[in-house]
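Q: Got a structure here, written out as structure tokens. Questions coming.
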Amino acid sequence: MPITKYQVYYRKLKDILNSIKDREGYPNDSLAFAHWFLKHQVGLDDQQIGEVIIDGNGDYGIDAVYLNDKKLHVYQFKFPTEKNINKEIEQGDILKTFNGFDALVDNKYKSGKANKSFIAMKEYLRDEEVYEFDINFVSYNKGIKSNANVEVLRNRSSQYEDDYDFRYKLYDRDTILNIFEKSQRNTSVDVKLTYKNMANSYAGENIESSVGVVNAAKLVESVKDELSVVFDENIRLYESDSKVNEGIYKTASGNDTSGMFYYYNNGITFICDDYKNSPNNNTLFMKGASIVNGCQTVTTLARAYDDSRLRDDADLLVRVIKIKKYSERAKITKYLNSQTQIKESYFIANHPIVRDLQEDLLKDNYYLERQTNELSHKQKYDSEYLKGKELQVLKLSDVIQRYTGYYVDKYAHIAKSGKGALFENDNIEEILGEINAAKVIKSLETYETISGVITSYRRMRRNSEKNDFLHYLGVKKEEFIFNEYLFVNTTDILLLNTVHKLSELDEEAEINTLIKVGILIIRDVIKSNDGYKQTPPATLMKRKAVYESVRKYIEENQVSLKKLIQ
């Protein structure tokens, strides 16, 4: 019997999940699968993932809960055995997750059998404003296909839709394959575009462009197999469930509006390394192509196409820009996307301090990616670029967060509560004011060590036989009071800031000593404050007041702490 593509990818993914399981101490493949998905699809880092995963018995069918911009994302993950990848999610599992959602968000529902992670998340949400909700079913199988399961899904969803903004999303094995390929492939692809008309437009030194009209269905057909990667140079990816995108959908699929789509829509822009025009059969072949403006339009048209709703008379404007110079490509992408609201974090890539920082870090074999996938992109077009160097690649957003958490007391709590705010104009200028390569490396190395300690705590939480965290603290198992250390799961930035304040007392102190003392200080500060004890740890670790309390504790106990860390 031949091996299917689903089996081939399953085995590749299984190897990756085994590595994640060993590293993070997950008890099963599905939680390792959750970790992989949240990293590659949602964009969370290892510490964020550890905070949002709900693991163990009593999870109520919910494997992860992520709150972002007042929108709550609830996840169920299924990574079955290989023999079951042709099956669907069981109806009982669907219903279990909906019941878990009720227990999580509705205070009328009691969660007496819930595990500690579930209860902590429920308590955390009581203090948060949430206006949108979605449930995500993620499974490496057929997902939810049968009429009976689809009916259950729709019926349960309808119970919420009248009361608040609620959606569900399905990620089956085909979607997972796209995500896997995106994580493995280069950023740009080759595209053969069929057009209605196409004419040379504006040209300059080492740059030229063409403008034309393309049928919407033909456009979708040319890129539908590459949707996971064709936007990788775009600053902003698809925003699901937005009113603008619903308007695009209705226009392209409406009897009375589709013929006017060209006039209602701004069109899209391709950027590519090279293109060749074949006027005899109206095709344009692009090498190294990426859609840098129009992601919302193309993805929405693809959705209408898949729903068999995209009408034949829907056309749109297409601009194609040929340029190889990476820095200019980045500028074009930036300015094309400046017409709509974009997070400031995307726009500091060309800040002169960031450029200098990139060069300085390179001397210590760190490559600071000012733009997504910058290193692989440059090496693709210049095979000699940094050839043979062993480099550790750094994300700009992570560098700013870690550096701020360690050195910039004023904004340390923001690095935890919402690091996007760090990139607002006034904040980022102040943060960049004292930054240098040595400080960045110090903050990153300290954060990495702290992350390892937090991971050992999570292993112990998942398996009581894993005692590395107790050995690290030097505490006997029978003396350990679990509830006093719940904060450790989400304490990465507070502990980072605390370690820095302690290191100022003794610059020669050993890092693990500083971390151990830091954990004990945070524990004692929380124990001594009734308000802190009653606040869910995930909420408390974002509050400015607790950061200030820890710093005050260190300031008032300098003499005893110096002796302790020597």
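Ordering of the structure tokens sets the chain letters (A, B, ...), residue numbers begin anew at 1 in every chain, and ligands are numbered from 1 in the order given.
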Find the residues near Ser417 (chain A): any atom within 10 Å, counting only C-alpha atoms, skip ones fewer than 2 places away on the same chain, and give them as a list in words.
A: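 Answer for this query is Tyr411, Ala412, His413, Ile414, Ala415, Lys419, Gly420, Ala421, Ile493, Ala538, Thr539, Leu540, Met541, Lys542, Arg543 and Lys544 of chain A.
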Q: Counting only C-alpha atoms, what is within 10 Å of region 546-556 of chain A, bar same-chain residues fewer than 4 positions away, as a list in words?
A: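 After dropping sequence-adjacent residues, the list is Asp409, Lys410, Ala412, His413, Ile493, Leu494, Leu495, Asn497, Thr498, Lys501, Leu502, Leu505, Gly518, Ile521, Ile522, Arg523, Asp524, Val525, Ile526, Asn529, Tyr532, Leu540, Met541, Lys542, Ser560, Leu561 and Lys562 of chain A.
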Q: Show me, as JSON lines, the residues of region 299-326 of chain A having an atom within 10 Å of region 199-205 of chain A, each with the closest atom pair and its distance in Å, using only C-alpha atoms.
A:
```
{"residue": "A:Arg319", "atom": "CA", "partner": "A:Ser201", "partner_atom": "CA", "distance": 9.1}
{"residue": "A:Val320", "atom": "CA", "partner": "A:Ser201", "partner_atom": "CA", "distance": 9.4}
{"residue": "A:Ile321", "atom": "CA", "partner": "A:Ala203", "partner_atom": "CA", "distance": 9.2}
{"residue": "A:Lys322", "atom": "CA", "partner": "A:Ala203", "partner_atom": "CA", "distance": 9.3}
{"residue": "A:Ile323", "atom": "CA", "partner": "A:Glu205", "partner_atom": "CA", "distance": 9.6}
```
Q: A:Val214, A:Leu227, A:Leu310, A:Val475: which is nearest Ser258 (chain A), counting only C-alpha atoms?
A: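 Closest to Ser258 (chain A) of all the choices is A:Leu310.
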Q: For Val65 (chain A), which residue out of A:Phe33, A:Tyr472, A:Phe101, A:Tyr485 is the nearest one, using only C-alpha atoms?
A: A:Phe101
Q: Using only C-alpha atoms, can you tell me which of A:Asp69, A:His500, A:Glu128, A:Val152 comes closest to Lys96 (chain A)?
A: A:Val152
Q: If you count only C-alpha atoms, which residues fall within 12 Å of Tyr171 (chain A), apart from same-chain ones fewer than 2 positions away, as a PyMOL selection string?
A: chain A and resi 37+41+75-79+88-89+135-145+168-169+173-179
Q: What does the structure give for the distance between CA of Tyr131 (chain A) and CA of Thr97 (chain A), in Å to one decimal?
A: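 If I compute the distance from CA of Tyr131 (chain A) to CA of Thr97 (chain A), I get 19.7 Å.
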Q: Report the distance between CA of Asp102 (chain A) and CA of Asn155 (chain A) in Å, rounded to one decimal place.
A: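 Rounded to one decimal, the two atoms are 14.6 Å apart.
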Q: Of the residues A:Asp306, A:Glu369, A:Glu465, A:Glu374, which is the one nearest to Ser397 (chain A), using only C-alpha atoms?
A: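 For Ser397 (chain A), the nearest of the candidates is A:Glu369.
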Q: List every residue of region 212-368 of chain A that DSSP, applied to the backbone, labels as strand (DSSP E), and write the result as a count of residues only.
A: 36
